[in-house]
file protein.cif (mmCIF, N, CA, C and O atoms)
data_upload
#
loop_
_atom_site.label_atom_id
_atom_site.label_comp_id
_atom_site.auth_asym_id
_atom_site.auth_seq_id
_atom_site.Cartn_x
_atom_site.Cartn_y
_atom_site.Cartn_z
N MET A 1 25.11 -37.15 59.92
CA MET A 1 24.84 -35.86 60.52
C MET A 1 25.13 -34.78 59.47
O MET A 1 26.17 -34.81 58.82
N THR A 2 24.22 -33.84 59.33
CA THR A 2 24.43 -32.75 58.37
C THR A 2 25.36 -31.70 58.97
O THR A 2 25.62 -31.69 60.17
N ASP A 3 25.80 -30.80 58.10
CA ASP A 3 26.66 -29.72 58.58
C ASP A 3 25.93 -28.85 59.60
O ASP A 3 26.50 -28.47 60.63
N ARG A 4 24.67 -28.56 59.36
CA ARG A 4 23.91 -27.70 60.27
C ARG A 4 23.68 -28.39 61.61
O ARG A 4 23.69 -27.74 62.65
N GLU A 5 23.47 -29.70 61.58
CA GLU A 5 23.30 -30.44 62.84
C GLU A 5 24.59 -30.41 63.65
O GLU A 5 24.57 -30.19 64.86
N TRP A 6 25.72 -30.61 62.97
CA TRP A 6 27.00 -30.58 63.66
C TRP A 6 27.26 -29.20 64.25
O TRP A 6 27.69 -29.06 65.40
N ILE A 7 26.98 -28.17 63.46
CA ILE A 7 27.17 -26.79 63.93
C ILE A 7 26.29 -26.52 65.15
O ILE A 7 26.74 -25.92 66.12
N ALA A 8 25.05 -26.97 65.11
CA ALA A 8 24.14 -26.76 66.25
C ALA A 8 24.66 -27.46 67.49
O ALA A 8 24.63 -26.89 68.61
N ARG A 9 25.17 -28.67 67.34
CA ARG A 9 25.72 -29.39 68.49
C ARG A 9 26.98 -28.72 69.03
O ARG A 9 27.19 -28.62 70.23
N PHE A 10 27.83 -28.27 68.11
CA PHE A 10 29.05 -27.58 68.53
C PHE A 10 28.71 -26.29 69.26
O PHE A 10 29.26 -26.00 70.32
N ALA A 11 27.78 -25.52 68.72
CA ALA A 11 27.36 -24.28 69.38
C ALA A 11 26.79 -24.56 70.76
O ALA A 11 27.11 -23.87 71.73
N ALA A 12 25.96 -25.59 70.86
CA ALA A 12 25.38 -25.94 72.16
C ALA A 12 26.46 -26.35 73.14
O ALA A 12 26.40 -26.00 74.32
N SER A 13 27.47 -27.05 72.66
CA SER A 13 28.59 -27.46 73.53
C SER A 13 29.34 -26.26 74.08
O SER A 13 29.86 -26.28 75.19
N LEU A 14 29.39 -25.20 73.27
CA LEU A 14 30.06 -23.97 73.69
C LEU A 14 29.14 -23.04 74.48
O LEU A 14 29.59 -22.02 75.01
N GLY A 15 27.85 -23.38 74.51
CA GLY A 15 26.90 -22.54 75.24
C GLY A 15 26.52 -21.27 74.50
O GLY A 15 26.19 -20.26 75.14
N VAL A 16 26.58 -21.32 73.19
CA VAL A 16 26.21 -20.16 72.38
C VAL A 16 25.15 -20.58 71.36
O VAL A 16 25.06 -21.77 71.02
N PRO A 17 24.37 -19.63 70.86
CA PRO A 17 23.38 -20.00 69.84
C PRO A 17 24.05 -20.35 68.51
O PRO A 17 25.09 -19.77 68.16
N ALA A 18 23.46 -21.27 67.81
CA ALA A 18 23.94 -21.61 66.47
C ALA A 18 23.64 -20.45 65.53
O ALA A 18 22.66 -19.72 65.72
N PRO A 19 24.45 -20.25 64.51
CA PRO A 19 24.17 -19.18 63.56
C PRO A 19 22.91 -19.47 62.76
O PRO A 19 22.56 -20.62 62.53
N THR A 20 22.25 -18.40 62.35
CA THR A 20 21.08 -18.54 61.50
C THR A 20 21.53 -18.96 60.10
O THR A 20 22.72 -18.90 59.78
N ASP A 21 20.58 -19.35 59.26
CA ASP A 21 20.91 -19.71 57.89
C ASP A 21 21.57 -18.54 57.16
O ASP A 21 22.53 -18.73 56.41
N GLU A 22 21.08 -17.33 57.39
CA GLU A 22 21.66 -16.14 56.76
C GLU A 22 23.09 -15.92 57.24
O GLU A 22 23.99 -15.61 56.44
N GLU A 23 23.32 -16.10 58.54
CA GLU A 23 24.68 -15.94 59.07
C GLU A 23 25.62 -16.99 58.50
O GLU A 23 26.77 -16.67 58.17
N VAL A 24 25.14 -18.21 58.36
CA VAL A 24 25.98 -19.26 57.78
C VAL A 24 26.37 -18.88 56.36
O VAL A 24 27.54 -19.01 55.96
N GLU A 25 25.44 -18.38 55.58
CA GLU A 25 25.74 -17.98 54.21
C GLU A 25 26.78 -16.86 54.17
O GLU A 25 27.67 -16.85 53.33
N GLN A 26 26.67 -15.90 55.09
CA GLN A 26 27.64 -14.80 55.14
C GLN A 26 29.02 -15.31 55.57
O GLN A 26 30.04 -14.87 55.04
N ILE A 27 29.05 -16.23 56.51
CA ILE A 27 30.32 -16.81 56.96
C ILE A 27 30.98 -17.56 55.81
O ILE A 27 32.19 -17.41 55.58
N LEU A 28 30.20 -18.34 55.09
CA LEU A 28 30.75 -19.07 53.95
C LEU A 28 31.24 -18.13 52.86
O LEU A 28 32.27 -18.39 52.21
N ARG A 29 30.55 -17.03 52.66
CA ARG A 29 31.00 -16.05 51.65
C ARG A 29 32.31 -15.39 52.09
O ARG A 29 33.22 -15.21 51.28
N LEU A 30 32.42 -15.06 53.38
CA LEU A 30 33.66 -14.50 53.91
C LEU A 30 34.80 -15.49 53.71
O LEU A 30 35.88 -15.11 53.25
N ALA A 31 34.56 -16.74 54.02
CA ALA A 31 35.58 -17.77 53.83
C ALA A 31 35.98 -17.89 52.37
O ALA A 31 37.16 -18.02 52.04
N SER A 32 35.01 -17.81 51.48
CA SER A 32 35.28 -17.90 50.05
C SER A 32 36.14 -16.74 49.57
O SER A 32 37.10 -16.93 48.82
N ILE A 33 35.81 -15.54 50.02
CA ILE A 33 36.59 -14.36 49.62
C ILE A 33 38.03 -14.51 50.09
O ILE A 33 38.97 -14.29 49.33
N ALA A 34 38.22 -14.90 51.34
CA ALA A 34 39.57 -15.04 51.89
C ALA A 34 40.35 -16.12 51.15
O ALA A 34 41.52 -15.93 50.81
N ALA A 35 39.70 -17.23 50.86
CA ALA A 35 40.38 -18.34 50.19
C ALA A 35 40.75 -18.01 48.75
O ALA A 35 41.81 -18.43 48.27
N HIS A 36 39.90 -17.27 48.07
CA HIS A 36 40.17 -16.96 46.67
C HIS A 36 41.11 -15.77 46.50
O HIS A 36 41.76 -15.63 45.47
N ALA A 37 41.20 -14.92 47.50
CA ALA A 37 42.09 -13.76 47.41
C ALA A 37 43.50 -14.10 47.88
O ALA A 37 44.43 -13.33 47.67
N SER A 38 43.65 -15.24 48.51
CA SER A 38 44.92 -15.60 49.14
C SER A 38 45.05 -17.12 49.11
O SER A 38 44.56 -17.77 48.20
N ALA A 39 45.63 -17.66 50.13
CA ALA A 39 45.72 -19.12 50.28
C ALA A 39 44.48 -19.62 51.01
O ALA A 39 43.83 -18.88 51.75
N ARG A 40 44.15 -20.89 50.79
CA ARG A 40 42.95 -21.45 51.41
C ARG A 40 42.97 -21.34 52.93
O ARG A 40 41.93 -21.22 53.57
N ALA A 41 44.15 -21.38 53.53
CA ALA A 41 44.26 -21.29 54.98
C ALA A 41 43.72 -19.97 55.52
O ALA A 41 43.36 -19.87 56.69
N ALA A 42 43.63 -18.96 54.66
CA ALA A 42 43.11 -17.66 55.10
C ALA A 42 41.63 -17.74 55.46
O ALA A 42 41.14 -16.93 56.24
N ALA A 43 40.90 -18.71 54.90
CA ALA A 43 39.46 -18.79 55.12
C ALA A 43 39.08 -18.99 56.58
O ALA A 43 38.35 -18.17 57.15
N PRO A 44 39.54 -20.04 57.25
CA PRO A 44 39.14 -20.21 58.64
C PRO A 44 39.71 -19.13 59.56
O PRO A 44 39.06 -18.70 60.51
N VAL A 45 40.91 -18.67 59.23
CA VAL A 45 41.52 -17.63 60.06
C VAL A 45 40.75 -16.31 59.93
O VAL A 45 40.50 -15.63 60.93
N ALA A 46 40.33 -15.97 58.72
CA ALA A 46 39.53 -14.75 58.53
C ALA A 46 38.22 -14.84 59.30
O ALA A 46 37.79 -13.85 59.91
N CYS A 47 37.59 -16.00 59.28
CA CYS A 47 36.33 -16.17 60.02
C CYS A 47 36.56 -16.04 61.52
O CYS A 47 35.76 -15.44 62.24
N TRP A 48 37.67 -16.59 62.00
CA TRP A 48 38.00 -16.49 63.43
C TRP A 48 38.25 -15.03 63.80
O TRP A 48 37.76 -14.55 64.83
N ILE A 49 38.97 -14.30 62.97
CA ILE A 49 39.24 -12.88 63.23
C ILE A 49 37.93 -12.09 63.25
O ILE A 49 37.70 -11.27 64.14
N ALA A 50 37.07 -12.36 62.27
CA ALA A 50 35.79 -11.65 62.20
C ALA A 50 34.95 -11.91 63.45
O ALA A 50 34.35 -10.98 64.01
N ALA A 51 34.93 -13.15 63.90
CA ALA A 51 34.16 -13.48 65.11
C ALA A 51 34.72 -12.76 66.33
O ALA A 51 33.97 -12.22 67.15
N GLY A 52 36.04 -12.71 66.43
CA GLY A 52 36.67 -12.05 67.57
C GLY A 52 36.50 -10.54 67.56
O GLY A 52 36.51 -9.90 68.60
N ALA A 53 36.32 -9.98 66.36
CA ALA A 53 36.16 -8.53 66.25
C ALA A 53 34.82 -8.06 66.79
O ALA A 53 34.67 -6.89 67.15
N GLY A 54 33.85 -8.95 66.81
CA GLY A 54 32.54 -8.59 67.34
C GLY A 54 31.74 -7.64 66.47
O GLY A 54 30.80 -7.02 66.93
N ARG A 55 32.12 -7.51 65.22
CA ARG A 55 31.39 -6.64 64.29
C ARG A 55 30.31 -7.45 63.58
O ARG A 55 30.41 -8.67 63.49
N PRO A 56 29.31 -6.78 63.04
CA PRO A 56 28.29 -7.50 62.27
C PRO A 56 28.93 -8.24 61.09
O PRO A 56 29.89 -7.74 60.48
N LEU A 57 28.41 -9.40 60.76
CA LEU A 57 28.96 -10.19 59.66
C LEU A 57 28.98 -9.41 58.35
O LEU A 57 29.94 -9.49 57.59
N GLY A 58 27.95 -8.65 58.09
CA GLY A 58 27.88 -7.87 56.86
C GLY A 58 29.04 -6.89 56.76
O GLY A 58 29.59 -6.67 55.68
N GLU A 59 29.40 -6.29 57.86
CA GLU A 59 30.51 -5.35 57.88
C GLU A 59 31.83 -6.07 57.62
O GLU A 59 32.67 -5.61 56.83
N SER A 60 32.03 -7.20 58.26
CA SER A 60 33.25 -7.98 58.04
C SER A 60 33.33 -8.44 56.59
O SER A 60 34.41 -8.42 55.98
N LEU A 61 32.22 -8.84 56.02
CA LEU A 61 32.18 -9.27 54.63
C LEU A 61 32.54 -8.12 53.69
O LEU A 61 33.34 -8.28 52.76
N ALA A 62 32.03 -6.94 53.96
CA ALA A 62 32.34 -5.76 53.14
C ALA A 62 33.82 -5.40 53.24
O ALA A 62 34.46 -5.08 52.24
N LEU A 63 34.37 -5.45 54.44
CA LEU A 63 35.79 -5.14 54.62
C LEU A 63 36.67 -6.15 53.89
O LEU A 63 37.66 -5.77 53.26
N ALA A 64 36.32 -7.42 53.98
CA ALA A 64 37.09 -8.45 53.29
C ALA A 64 37.02 -8.25 51.78
O ALA A 64 38.02 -8.40 51.08
N SER A 65 35.85 -7.90 51.29
CA SER A 65 35.67 -7.67 49.85
C SER A 65 36.51 -6.50 49.36
O SER A 65 37.00 -6.51 48.23
N ALA A 66 36.68 -5.50 50.20
CA ALA A 66 37.43 -4.31 49.81
C ALA A 66 38.94 -4.56 49.71
O ALA A 66 39.64 -3.83 49.01
N ILE A 67 39.43 -5.59 50.37
CA ILE A 67 40.87 -5.87 50.34
C ILE A 67 41.33 -6.25 48.94
O ILE A 67 42.38 -5.84 48.49
N ASP A 68 40.53 -7.05 48.25
CA ASP A 68 40.87 -7.47 46.89
C ASP A 68 39.61 -7.36 46.05
O ASP A 68 38.82 -8.29 46.01
N PRO A 69 39.41 -6.23 45.39
CA PRO A 69 38.18 -6.01 44.62
C PRO A 69 37.91 -7.05 43.53
O PRO A 69 36.79 -7.25 43.12
N ARG A 70 38.97 -7.75 43.08
CA ARG A 70 38.76 -8.78 42.06
C ARG A 70 37.92 -9.94 42.60
O ARG A 70 37.25 -10.63 41.86
N VAL A 71 37.96 -10.15 43.90
CA VAL A 71 37.24 -11.27 44.51
C VAL A 71 35.83 -10.84 44.88
O VAL A 71 34.88 -11.58 44.67
N GLY A 72 35.68 -9.64 45.41
CA GLY A 72 34.39 -9.00 45.71
C GLY A 72 33.30 -9.87 46.31
O GLY A 72 33.47 -11.05 46.48
N PRO A 73 32.18 -9.25 46.65
CA PRO A 73 31.11 -9.95 47.36
C PRO A 73 30.32 -10.92 46.49
O PRO A 73 29.66 -11.81 46.99
N GLY A 74 30.33 -10.77 45.19
CA GLY A 74 29.66 -11.69 44.27
C GLY A 74 28.30 -11.97 44.54
O GLY A 74 27.50 -12.51 44.95
#

call {"tool": "encode", "arguments": {"input": "protein.cif", "output": "structure tokens"}}
result
Amino acid sequence: MTDREWIARFAASLGVPAPTDEEVEQILRLASIAAHASARAAAPVACWIAAGAGRPLGESLALASAIDPRVGPG
């Protein structure tokens, strides 16, 4: 099973739409910024916080990038 197939099944189990390819890329970038600016554990937690905030992914990505400019959006 691919990552996208697993994600689609998980989303369906939760009754929500799976993220688009663009959203997946933004989520992975957010996770990368959090992991490289701090400890790796920050990656999933940052994504969970962003999801709970209900803001657009692009906005969450920009805010995360601003915390540590050395890591930036790349």

call {"tool": "closest_residue", "arguments": {"input": "protein.cif", "among": "A:Ala50, A:Ile67, A:Ala8, A:Val24", "to": "His36 of chain A", "atoms": "only C-alpha atoms"}}
result
A:Ile67

call {"tool": "atom_distance", "arguments": {"input": "protein.cif", "atom1": "atom C of Pro44 of chain A", "atom2": "atom O of Arg29 of chain A"}}
result
11.2 Å

call {"tool": "closest_residue", "arguments": {"input": "protein.cif", "among": "A:Leu28, A:Ala37, A:Ala11, A:Ala18", "to": "Ser65 of chain A", "atoms": "only C-alpha atoms"}}
result
A:Ala37

call {"tool": "select_by_dssp", "arguments": {"input": "protein.cif", "residues": "segment 20-64 of chain A", "states": "helix (DSSP H, G or I)", "output": "PyMOL selection string"}}
result
chain A and resi 21-37+42-53+57-64

call {"tool": "atom_distance", "arguments": {"input": "protein.cif", "atom1": "atom O of Ala31 of chain A", "atom2": "atom N of Ser60 of chain A"}}
result
13.5 Å

call {"tool": "closest_residue", "arguments": {"input": "protein.cif", "among": "A:Leu30, A:Met1, A:Ala62, A:Ile7", "to": "Ala46 of chain A", "atoms": "only N, CA, C and O atoms"}}
result
A:Leu30

call {"tool": "atom_distance", "arguments": {"input": "protein.cif", "atom1": "atom N of Ser32 of chain A", "atom2": "atom CA of Ile49 of chain A"}}
result
13.4 Å

call {"tool": "closest_residue", "arguments": {"input": "protein.cif", "among": "A:Asp3, A:Ala12, A:Pro69, A:Ala64", "to": "Ala34 of chain A", "atoms": "all atoms listed in the file"}}
result
A:Ala64

call {"tool": "decode", "arguments": {"input": "protein.cif", "residues": "segment 25-60 of chain A", "atoms": "C-alpha atoms", "output": "PDB file, in the first residue's frame"}}
result
ATOM      1  CA  GLU A  25       3.297  18.690  -0.160  1.00  0.00           C
ATOM      2  CA  GLN A  26       2.521  21.662   2.111  1.00  0.00           C
ATOM      3  CA  ILE A  27       2.008  19.372   5.109  1.00  0.00           C
ATOM      4  CA  LEU A  28       5.325  17.651   4.442  1.00  0.00           C
ATOM      5  CA  ARG A  29       7.059  21.027   4.117  1.00  0.00           C
ATOM      6  CA  LEU A  30       5.557  22.166   7.433  1.00  0.00           C
ATOM      7  CA  ALA A  31       6.775  18.955   9.054  1.00  0.00           C
ATOM      8  CA  SER A  32      10.227  19.468   7.561  1.00  0.00           C
ATOM      9  CA  ILE A  33      10.481  23.032   8.861  1.00  0.00           C
ATOM     10  CA  ALA A  34       9.433  21.970  12.362  1.00  0.00           C
ATOM     11  CA  ALA A  35      11.807  19.011  12.415  1.00  0.00           C
ATOM     12  CA  HIS A  36      14.804  20.973  11.170  1.00  0.00           C
ATOM     13  CA  ALA A  37      14.213  23.996  13.405  1.00  0.00           C
ATOM     14  CA  SER A  38      13.810  21.886  16.523  1.00  0.00           C
ATOM     15  CA  ALA A  39      13.563  18.225  17.452  1.00  0.00           C
ATOM     16  CA  ARG A  40      11.995  15.734  15.060  1.00  0.00           C
ATOM     17  CA  ALA A  41       9.060  15.290  17.437  1.00  0.00           C
ATOM     18  CA  ALA A  42       7.992  18.843  16.590  1.00  0.00           C
ATOM     19  CA  ALA A  43       6.986  17.730  13.070  1.00  0.00           C
ATOM     20  CA  PRO A  44       3.824  15.727  13.808  1.00  0.00           C
ATOM     21  CA  VAL A  45       2.848  18.028  16.655  1.00  0.00           C
ATOM     22  CA  ALA A  46       3.179  21.127  14.444  1.00  0.00           C
ATOM     23  CA  CYS A  47       0.984  19.482  11.807  1.00  0.00           C
ATOM     24  CA  TRP A  48      -1.607  18.583  14.453  1.00  0.00           C
ATOM     25  CA  ILE A  49      -1.605  22.172  15.757  1.00  0.00           C
ATOM     26  CA  ALA A  50      -1.952  23.564  12.234  1.00  0.00           C
ATOM     27  CA  ALA A  51      -4.896  21.267  11.512  1.00  0.00           C
ATOM     28  CA  GLY A  52      -6.612  22.257  14.744  1.00  0.00           C
ATOM     29  CA  ALA A  53      -6.113  25.947  14.046  1.00  0.00           C
ATOM     30  CA  GLY A  54      -8.286  25.700  10.952  1.00  0.00           C
ATOM     31  CA  ARG A  55      -6.125  28.145   9.007  1.00  0.00           C
ATOM     32  CA  PRO A  56      -5.098  27.637   5.390  1.00  0.00           C
ATOM     33  CA  LEU A  57      -2.010  25.438   5.045  1.00  0.00           C
ATOM     34  CA  GLY A  58      -0.117  28.198   3.265  1.00  0.00           C
ATOM     35  CA  GLU A  59      -0.629  30.511   6.217  1.00  0.00           C
ATOM     36  CA  SER A  60       0.525  27.886   8.712  1.00  0.00           C
TER      37      SER A  60
END
